[in-house]
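Q: This structure is in C-alpha cells; I'll ask about it shortly.
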Amino acid sequence: MFAKEIYKERRKQLASKVDKGILLFMGNDESPMNFKDNTYHFRQDSTFLYYFGIDAPGLAAVIDLDEDREVVFGDEMSLDDIVWMGRQETLQEKCGRSDVQSLEPSSALAEYLKKAKGRQIHFLPPYRPENKIRLSRVLSLPLETLDASVSLEFMKAVIAQRSVKSPEEIIEIHKAAAISADIQHLIMQTAKPGQLERDLVARIHQAALASGGQLAYPAILTTRGEILHNHFYGNTLKEGQLVLNDSGVETALGYAGDLTRTFPVSKRFTPLQKEVYDIVLEAYHQAVGLLGPGIPYLDVHLKACTTLALGLKDLGLMKGNIEDAVEQGAHAMFFQCGTGHMMGLDVHNMEDLGEKYVGYTDALPKNTSQFGLKSLRLGKPLEPGYVLTVEPGLYFIPELIDQWSAAGKFRDYINYDKLQEFRDFSGIRVEDNFLITQDGKEMLGKHLALTTDEIEAIRAEAF
C-alpha cells in the first residue's frame with residue numbers, strides 16, 4: 001500500500017466532486033474455479049484499490065457524504081481461517097493503513113444502506129456476477145435494473161480522478177513497464193525453432209511471479225499474430241515465422257505494463273518481413289511524435305492509420321487517394337483495432353466504467369459504426385498525467401481478405417490480387433507505454449529493442 005495519507009486525500013478529493021448521498025464501493029470476492037475452496041488468483045477491484053488500498057476479498061466500503069463518515073465492511077479472520085492460512089495482518093490494521101477508522105462486519109452493510117432513508121446511494125457498474133447479486137440484495141433492486149441505476153455523477157468523478165496519474169502511480173507504472181521490457185528481452189533472446197509457444201508463455205509467467213507481481217493480462221505469445229487476442233499456445237515455432245509477444249507485468253500494487261514486440265523465429269527477418277515491420281515502426285514513430293497535451297488521441301490514431309496505408313501503397317497492397325481510403329476505413333483491412341488505450345491500475349484503464357466515458361467526451365463521441373474506429377478505446381484530447389499505449393500494427397486475416405474480396409469492398413483502395421500473396425504473412429505489432437507531460441510525452445519503462453537491426457542482434461544470441 002501507499003502511505004495512508006494518499007488514500008485519505010484521494011477520498012477527500014472524490015467527496016468534493018459529488019454533492020450528497022452515499023458513495024458505495026464494492027470490493028471483489030474470491031471466485032471458485034471448480035469448487036468453492038479452489039479459487040482463481042484473487043484480484044481486488046481497481047477502484048476499491050485506488051481509494052482504500054486494501055487487497056483482500058469480501059469487502060465493501062462507503063463514503064457517507066452527508067454524515068462525513070468512511071466505513072469499511074468486512075470480517076476478520078475466523079479461527080478456521082487462521083488454521084488454514086495462518087495469522088495475517090488484521091482487517092482493522094489494514095483499515096488503519098488506509099486511514100479508515102470505522103470497520104463493521106459484512107452483514108451490517110445492508111442495514112447501513114437501509115437506514116439511508118431515501119438518500120441517494122451512488123454505485124459504479126458491477127462487472128462480476130457475485131457483486132451484481134450482492135448489490136441487488138443490499139439495495140433491494142432487481143438485477144435487471146442495476147445498469148440503469150448506476151450513478152453517472154460518481155462514475156465521471158472517479159474517471160476524472162483516476163485518469164490523471166500521481167507521482168507515486170507513475171513510479172509504479174514505470175516499474176511495471178521496465179520489468180515487462182526485461183521479460184520481453186528474455187523471450188526475444190531465448191526463443192528457438194522447435195519450441196512450443198507455451199514454453200515461452202511459461203517463462204513469461206515465471207518471470208512475472210518472480211518480480212513480485214503477476215501478469216497484467218493473459219499473455220499473447222503467438223506465431224499467428226494476425227489473431228489480435230490469441231491465447232492459444234500450442235503452435236511450434238518454425239524457421240521463417242514471426243513471433244508476436246504482447247505481454248506485461250502487474251506490480252504488487254496492481255499497476256500494469258503493456259508491451260508488444262514482434263521478432264523472427266530465425267536469426268533474421270526475411271526481406272519482406274523487414275519491409276512490413278518498418279512500415280509499422282514508422283507508424284509508431286509518427287504516432288509517438290504527435291503525443292502531447294491537448295492533442296486528441298483520435299488524431300494520433302488517424303496519423304498511424306495514414307502512415308500504415310502509405311506504406312502499404314508503396315508495397316502495392318493499397319492504391320488510390322490514401323486520405324480518402326483512411327477516411328472511409330479501407331485501411332482497416334490491415335489495421336482492425338485502435339492505436340492505443342489508457343493504462344493504470346487496469347491494463348485497459350477503467351474499462352469496467354465504459355469507453356464512452358473513459359476514452360471519449362460528449363464533444364468527441366466514439367464512432368461505433370465504422371469497422372476499425374469502433375475498436376479504438378481512446379479518442380479524447382490528452383492531458384498531463386495520462387498514461388497510455390501506442391501500438392500500431394498490420395494484420396493479414398485470411399477470413400477478412402476472403403469476405404471483403406468477395407464483396408468487392410474498397411476495390412478502389414485495396415489491391416486484392418496482390419493481397420492474396422500475404423494470406424499467410426500473419427501480423428506485426430509494436431507497443432510501448434507513454435506518460436503525457438506538461439510539454440510533451442515520456443516513454444515509461446526502459447528502451448527495448450525496436451529496430452530490425454536491434455532485434456536481429458538479440459536473436460543472434462539464441463543460436
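We name chains A, B, ... following the order of the C-alpha cells; residues begin at 1 in each chain, and ligands are numbered from 1 as shown.
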Looking only at strand (DSSP E) from DSSP on the backbone, list the matching residues of segment 182-431 of chain A as a ChimeraX atom specification.
A: /A:214-215,220-222,242-247,249-250,259-264,387-390,393-395,427-429
Q: Write the selection just made, keeping C-alpha atoms, as an mmCIF file, in the first residue's frame?
A:
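Generated file (part-v8.cif):
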```
data_model
loop_
_atom_site.group_PDB
_atom_site.id
_atom_site.type_symbol
_atom_site.label_atom_id
_atom_site.label_comp_id
_atom_site.auth_asym_id
_atom_site.auth_seq_id
_atom_site.Cartn_x
_atom_site.Cartn_y
_atom_site.Cartn_z
ATOM 1 C CA GLN A 214 1.510 -11.055 -11.697
ATOM 2 C CA LEU A 215 0.712 -10.948 -15.376
ATOM 3 C CA ILE A 220 -0.450 -13.111 -26.234
ATOM 4 C CA LEU A 221 2.524 -15.137 -27.479
ATOM 5 C CA THR A 222 1.874 -16.482 -30.929
ATOM 6 C CA LEU A 242 7.259 -14.319 -36.842
ATOM 7 C CA VAL A 243 6.547 -14.350 -33.105
ATOM 8 C CA LEU A 244 4.280 -11.653 -31.693
ATOM 9 C CA ASN A 245 4.731 -11.216 -27.937
ATOM 10 C CA ASP A 246 2.161 -8.949 -26.261
ATOM 11 C CA SER A 247 2.694 -9.318 -22.526
ATOM 12 C CA VAL A 249 3.553 -7.350 -15.695
ATOM 13 C CA GLU A 250 1.304 -6.028 -12.962
ATOM 14 C CA LEU A 259 4.386 -4.049 -24.266
ATOM 15 C CA THR A 260 4.496 -5.772 -27.642
ATOM 16 C CA ARG A 261 7.393 -6.771 -29.844
ATOM 17 C CA THR A 262 7.440 -8.912 -32.977
ATOM 18 C CA PHE A 263 10.560 -10.874 -33.870
ATOM 19 C CA PRO A 264 11.590 -13.622 -36.306
ATOM 20 C CA VAL A 387 -0.714 7.126 -19.258
ATOM 21 C CA LEU A 388 -1.443 5.271 -22.473
ATOM 22 C CA THR A 389 -0.170 2.846 -25.064
ATOM 23 C CA VAL A 390 0.920 3.384 -28.657
ATOM 24 C CA GLY A 393 0.151 -2.998 -36.284
ATOM 25 C CA LEU A 394 -0.562 -4.743 -39.560
ATOM 26 C CA TYR A 395 -2.631 -7.926 -39.574
ATOM 27 C CA GLY A 427 0.793 -9.978 -38.159
ATOM 28 C CA ILE A 428 3.175 -7.422 -36.672
ATOM 29 C CA ARG A 429 2.629 -5.097 -33.719
#
```
Q: Residues near Val164 of chain A, anyone? I mean within 10 Å using only C-alpha atoms, not counting same-chain ones fewer than 3 positions away, as a ChimeraX atom specification.
A: /A:159-161,167,169-170,344,383-387,435-436
Q: Ranking A:Tyr357, A:Glu104, A:Gly86, A:Asp66 by minimum distance to Ala116 of chain A and counting only C-alpha atoms, which one comes first?
A: A:Asp66
Q: I'd like the contact shell of Glu76 of chain A - 12 Å cut-off, only C-alpha atoms, skipping same-chain residues fewer than 6 positions apart - returned as a PDB file with C-alpha atoms, in the first residue's frame.
A:
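Result file selection_11.pdb:
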```pdb
ATOM      1  CA  ALA A  56      -8.377  -8.571   0.479  1.00  0.00           C
ATOM      2  CA  PRO A  57     -11.561 -10.346  -0.621  1.00  0.00           C
ATOM      3  CA  GLY A  58     -15.098  -9.882   0.649  1.00  0.00           C
ATOM      4  CA  LEU A  59     -15.003  -6.144   1.355  1.00  0.00           C
ATOM      5  CA  ILE A  82      -6.129 -18.922  10.835  1.00  0.00           C
ATOM      6  CA  ARG A  87      -2.327 -15.399  11.287  1.00  0.00           C
ATOM      7  CA  GLN A  88      -2.132 -12.413   8.964  1.00  0.00           C
ATOM      8  CA  GLU A  89      -2.452  -8.673   9.334  1.00  0.00           C
ATOM      9  CA  THR A  90      -5.898  -7.996  10.762  1.00  0.00           C
ATOM     10  CA  LEU A  91      -8.524  -6.189   8.750  1.00  0.00           C
ATOM     11  CA  GLN A  92      -8.584  -3.463  11.391  1.00  0.00           C
ATOM     12  CA  GLU A  93      -4.846  -2.965  10.881  1.00  0.00           C
ATOM     13  CA  LYS A  94      -5.340  -2.803   7.118  1.00  0.00           C
ATOM     14  CA  CYS A  95      -8.037  -0.177   7.575  1.00  0.00           C
ATOM     15  CA  LEU A 103     -14.817  -1.149  10.441  1.00  0.00           C
ATOM     16  CA  GLU A 104     -18.107  -3.031  10.565  1.00  0.00           C
ATOM     17  CA  PRO A 105     -18.947  -6.668   9.719  1.00  0.00           C
ATOM     18  CA  SER A 106     -20.063  -7.535   6.203  1.00  0.00           C
TER      19      SER A 106
END
```
Q: Could you tell me how far atom CA of Glu30 of chain A sits from atom CA of Asp81 of chain A, in Å to one decimal place?
A: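 About the pair atom CA of Asp81 of chain A and atom CA of Glu30 of chain A: they are 14.0 Å apart.
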Q: Give the answer as one residue: which of A:His348, A:Asp362, A:Val280, A:Gly248 has the shortest atom-to-atom distance to Phe334 of chain A, using only C-alpha atoms?
A: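 Once distances to Phe334 of chain A are computed over only C-alpha atoms, the minimum belongs to A:Val280.
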Q: Pick from A:Gly225, A:Pro293, A:Pro392, A:Gly359: nearest to Leu308 of chain A, with only C-alpha atoms counted?
A: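 Residue with the minimum atom-to-atom distance to Leu308 of chain A: A:Pro392.
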Q: Among the residues of segment 133-210 of chain A, find those DSSP assigns to alpha helix (DSSP H) from the backbone and print them as a JSON list (two decimals) with N, CA and C atoms, in the first residue's frame.
A:
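Output below, filename selection_18.json:
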```
[["chain", "number", "residue", "atom", "x", "y", "z"],
["A", 133, "ILE", "N", -25.23, -9.64, -7.76],
["A", 133, "ILE", "CA", -26.20, -10.26, -6.85],
["A", 133, "ILE", "C", -26.18, -9.56, -5.50],
["A", 134, "ARG", "N", -24.98, -9.25, -5.00],
["A", 134, "ARG", "CA", -24.89, -8.59, -3.69],
["A", 134, "ARG", "C", -25.50, -7.19, -3.73],
["A", 135, "LEU", "N", -25.22, -6.45, -4.80],
["A", 135, "LEU", "CA", -25.82, -5.12, -4.94],
["A", 135, "LEU", "C", -27.33, -5.20, -5.01],
["A", 136, "SER", "N", -27.83, -6.16, -5.79],
["A", 136, "SER", "CA", -29.27, -6.32, -5.90],
["A", 136, "SER", "C", -29.89, -6.57, -4.53],
["A", 137, "ARG", "N", -29.20, -7.35, -3.71],
["A", 137, "ARG", "CA", -29.74, -7.69, -2.38],
["A", 137, "ARG", "C", -29.68, -6.51, -1.43],
["A", 138, "VAL", "N", -28.51, -5.86, -1.31],
["A", 138, "VAL", "CA", -28.37, -4.80, -0.31],
["A", 138, "VAL", "C", -29.12, -3.52, -0.69],
["A", 139, "LEU", "N", -29.39, -3.34, -1.98],
["A", 139, "LEU", "CA", -30.10, -2.15, -2.42],
["A", 139, "LEU", "C", -31.57, -2.42, -2.71],
["A", 146, "LEU", "N", -30.08, -2.78, -12.40],
["A", 146, "LEU", "CA", -28.83, -2.26, -11.85],
["A", 146, "LEU", "C", -28.13, -1.30, -12.80],
["A", 147, "ASP", "N", -28.01, -1.68, -14.07],
["A", 147, "ASP", "CA", -27.29, -0.83, -15.02],
["A", 147, "ASP", "C", -27.93, 0.55, -15.14],
["A", 148, "ALA", "N", -29.26, 0.58, -15.09],
["A", 148, "ALA", "CA", -29.96, 1.86, -15.22],
["A", 148, "ALA", "C", -29.86, 2.70, -13.95],
["A", 149, "SER", "N", -29.45, 2.08, -12.85],
["A", 149, "SER", "CA", -29.38, 2.78, -11.57],
["A", 149, "SER", "C", -27.98, 3.25, -11.21],
["A", 152, "LEU", "N", -24.06, 8.17, -12.66],
["A", 152, "LEU", "CA", -23.19, 8.78, -13.66],
["A", 152, "LEU", "C", -22.30, 9.85, -13.01],
["A", 153, "GLU", "N", -22.82, 10.56, -12.03],
["A", 153, "GLU", "CA", -22.04, 11.58, -11.33],
["A", 153, "GLU", "C", -20.84, 10.95, -10.64],
["A", 154, "PHE", "N", -21.06, 9.85, -9.95],
["A", 154, "PHE", "CA", -20.00, 9.11, -9.26],
["A", 154, "PHE", "C", -18.99, 8.59, -10.27],
["A", 155, "MET", "N", -19.50, 7.99, -11.33],
["A", 155, "MET", "CA", -18.63, 7.39, -12.33],
["A", 155, "MET", "C", -17.72, 8.42, -12.99],
["A", 156, "LYS", "N", -18.28, 9.57, -13.38],
["A", 156, "LYS", "CA", -17.48, 10.60, -14.03],
["A", 156, "LYS", "C", -16.44, 11.19, -13.08],
["A", 157, "ALA", "N", -16.78, 11.29, -11.79],
["A", 157, "ALA", "CA", -15.82, 11.82, -10.81],
["A", 157, "ALA", "C", -14.65, 10.86, -10.65],
["A", 158, "VAL", "N", -14.93, 9.56, -10.61],
["A", 158, "VAL", "CA", -13.87, 8.56, -10.50],
["A", 158, "VAL", "C", -12.99, 8.57, -11.73],
["A", 159, "ILE", "N", -13.59, 8.62, -12.90],
["A", 159, "ILE", "CA", -12.83, 8.62, -14.16],
["A", 159, "ILE", "C", -11.90, 9.82, -14.23],
["A", 160, "ALA", "N", -12.41, 11.00, -13.90],
["A", 160, "ALA", "CA", -11.59, 12.21, -13.96],
["A", 160, "ALA", "C", -10.39, 12.11, -13.02],
["A", 161, "GLN", "N", -10.60, 11.54, -11.84],
["A", 161, "GLN", "CA", -9.52, 11.47, -10.85],
["A", 161, "GLN", "C", -8.51, 10.38, -11.20],
["A", 162, "ARG", "N", -9.00, 9.21, -11.56],
["A", 162, "ARG", "CA", -8.10, 8.10, -11.84],
["A", 162, "ARG", "C", -7.36, 8.26, -13.17],
["A", 163, "SER", "N", -7.87, 9.08, -14.07],
["A", 163, "SER", "CA", -7.22, 9.26, -15.37],
["A", 163, "SER", "C", -5.88, 9.97, -15.25],
["A", 167, "PRO", "N", 2.42, 11.16, -8.90],
["A", 167, "PRO", "CA", 3.83, 10.75, -8.97],
["A", 167, "PRO", "C", 4.07, 9.32, -8.50],
["A", 168, "GLU", "N", 3.40, 8.91, -7.40],
["A", 168, "GLU", "CA", 3.62, 7.55, -6.90],
["A", 168, "GLU", "C", 3.06, 6.50, -7.87],
["A", 169, "GLU", "N", 1.99, 6.83, -8.57],
["A", 169, "GLU", "CA", 1.44, 5.91, -9.56],
["A", 169, "GLU", "C", 2.38, 5.78, -10.76],
["A", 170, "ILE", "N", 2.94, 6.89, -11.18],
["A", 170, "ILE", "CA", 3.86, 6.88, -12.33],
["A", 170, "ILE", "C", 5.08, 6.02, -12.02],
["A", 171, "ILE", "N", 5.56, 6.08, -10.79],
["A", 171, "ILE", "CA", 6.69, 5.24, -10.38],
["A", 171, "ILE", "C", 6.33, 3.76, -10.54],
["A", 172, "GLU", "N", 5.11, 3.40, -10.12],
["A", 172, "GLU", "CA", 4.68, 2.00, -10.21],
["A", 172, "GLU", "C", 4.54, 1.55, -11.66],
["A", 173, "ILE", "N", 3.95, 2.39, -12.51],
["A", 173, "ILE", "CA", 3.78, 2.02, -13.91],
["A", 173, "ILE", "C", 5.13, 1.94, -14.61],
["A", 174, "HIS", "N", 6.01, 2.88, -14.27],
["A", 174, "HIS", "CA", 7.38, 2.84, -14.80],
["A", 174, "HIS", "C", 8.05, 1.51, -14.43],
["A", 175, "LYS", "N", 7.87, 1.09, -13.20],
["A", 175, "LYS", "CA", 8.43, -0.19, -12.74],
["A", 175, "LYS", "C", 7.83, -1.35, -13.52],
["A", 176, "ALA", "N", 6.51, -1.34, -13.68],
["A", 176, "ALA", "CA", 5.84, -2.42, -14.41],
["A", 176, "ALA", "C", 6.32, -2.50, -15.85],
["A", 177, "ALA", "N", 6.46, -1.35, -16.50],
["A", 177, "ALA", "CA", 6.91, -1.32, -17.89],
["A", 177, "ALA", "C", 8.36, -1.78, -18.01],
["A", 178, "ALA", "N", 9.21, -1.41, -17.04],
["A", 178, "ALA", "CA", 10.61, -1.81, -17.08],
["A", 178, "ALA", "C", 10.77, -3.32, -16.91],
["A", 179, "ILE", "N", 10.03, -3.88, -15.97],
["A", 179, "ILE", "CA", 10.08, -5.34, -15.77],
["A", 179, "ILE", "C", 9.55, -6.05, -17.01],
["A", 180, "SER", "N", 8.47, -5.50, -17.58],
["A", 180, "SER", "CA", 7.90, -6.08, -18.80],
["A", 180, "SER", "C", 8.91, -6.06, -19.93],
["A", 181, "ALA", "N", 9.69, -4.98, -20.03],
["A", 181, "ALA", "CA", 10.71, -4.89, -21.08],
["A", 181, "ALA", "C", 11.79, -5.94, -20.87],
["A", 182, "ASP", "N", 12.19, -6.16, -19.63],
["A", 182, "ASP", "CA", 13.20, -7.19, -19.34],
["A", 182, "ASP", "C", 12.70, -8.57, -19.76],
["A", 183, "ILE", "N", 11.43, -8.84, -19.49],
["A", 183, "ILE", "CA", 10.86, -10.15, -19.84],
["A", 183, "ILE", "C", 10.75, -10.29, -21.35],
["A", 184, "GLN", "N", 10.34, -9.22, -22.03],
["A", 184, "GLN", "CA", 10.28, -9.24, -23.49],
["A", 184, "GLN", "C", 11.66, -9.54, -24.07],
["A", 185, "HIS", "N", 12.68, -8.89, -23.52],
["A", 185, "HIS", "CA", 14.05, -9.11, -23.99],
["A", 185, "HIS", "C", 14.46, -10.57, -23.78],
["A", 186, "LEU", "N", 14.11, -11.13, -22.62],
["A", 186, "LEU", "CA", 14.44, -12.52, -22.32],
["A", 186, "LEU", "C", 13.83, -13.46, -23.36],
["A", 187, "ILE", "N", 12.57, -13.25, -23.69],
["A", 187, "ILE", "CA", 11.90, -14.12, -24.65],
["A", 187, "ILE", "C", 12.53, -13.97, -26.04],
["A", 188, "MET", "N", 12.82, -12.75, -26.44],
["A", 188, "MET", "CA", 13.44, -12.50, -27.74],
["A", 188, "MET", "C", 14.82, -13.15, -27.81],
["A", 189, "GLN", "N", 15.47, -13.21, -26.68],
["A", 189, "GLN", "CA", 16.85, -13.71, -26.60],
["A", 189, "GLN", "C", 16.91, -15.23, -26.58],
["A", 190, "THR", "N", 15.85, -15.89, -26.15],
["A", 190, "THR", "CA", 15.92, -17.34, -25.90],
["A", 190, "THR", "C", 15.01, -18.18, -26.78],
["A", 197, "GLU", "N", 4.88, -22.59, -28.25],
["A", 197, "GLU", "CA", 4.55, -21.26, -27.72],
["A", 197, "GLU", "C", 4.38, -21.30, -26.21],
["A", 198, "ARG", "N", 3.78, -22.36, -25.70],
["A", 198, "ARG", "CA", 3.52, -22.43, -24.26],
["A", 198, "ARG", "C", 4.80, -22.48, -23.43],
["A", 199, "ASP", "N", 5.90, -22.96, -24.02],
["A", 199, "ASP", "CA", 7.17, -22.94, -23.30],
["A", 199, "ASP", "C", 7.59, -21.50, -23.01],
["A", 200, "LEU", "N", 7.37, -20.62, -23.97],
["A", 200, "LEU", "CA", 7.73, -19.21, -23.80],
["A", 200, "LEU", "C", 6.76, -18.51, -22.87],
["A", 201, "VAL", "N", 5.47, -18.85, -22.97],
["A", 201, "VAL", "CA", 4.48, -18.27, -22.05],
["A", 201, "VAL", "C", 4.80, -18.65, -20.61],
["A", 202, "ALA", "N", 5.26, -19.87, -20.41],
["A", 202, "ALA", "CA", 5.64, -20.31, -19.06],
["A", 202, "ALA", "C", 6.78, -19.46, -18.51],
["A", 203, "ARG", "N", 7.73, -19.12, -19.36],
["A", 203, "ARG", "CA", 8.84, -18.25, -18.93],
["A", 203, "ARG", "C", 8.35, -16.86, -18.57],
["A", 204, "ILE", "N", 7.41, -16.35, -19.37],
["A", 204, "ILE", "CA", 6.84, -15.04, -19.08],
["A", 204, "ILE", "C", 6.15, -15.04, -17.72],
["A", 205, "HIS", "N", 5.34, -16.06, -17.49],
["A", 205, "HIS", "CA", 4.60, -16.15, -16.23],
["A", 205, "HIS", "C", 5.55, -16.32, -15.05],
["A", 206, "GLN", "N", 6.56, -17.15, -15.22],
["A", 206, "GLN", "CA", 7.54, -17.35, -14.15],
["A", 206, "GLN", "C", 8.23, -16.05, -13.79],
["A", 207, "ALA", "N", 8.65, -15.30, -14.81],
["A", 207, "ALA", "CA", 9.36, -14.04, -14.56],
["A", 207, "ALA", "C", 8.43, -13.01, -13.92],
["A", 208, "ALA", "N", 7.17, -13.00, -14.31],
["A", 208, "ALA", "CA", 6.22, -12.07, -13.70],
["A", 208, "ALA", "C", 6.05, -12.37, -12.21],
["A", 209, "LEU", "N", 5.88, -13.63, -11.86],
["A", 209, "LEU", "CA", 5.74, -14.02, -10.45],
["A", 209, "LEU", "C", 7.02, -13.72, -9.68],
["A", 210, "ALA", "N", 8.16, -13.99, -10.30],
["A", 210, "ALA", "CA", 9.43, -13.76, -9.63],
["A", 210, "ALA", "C", 9.66, -12.27, -9.35]]
```
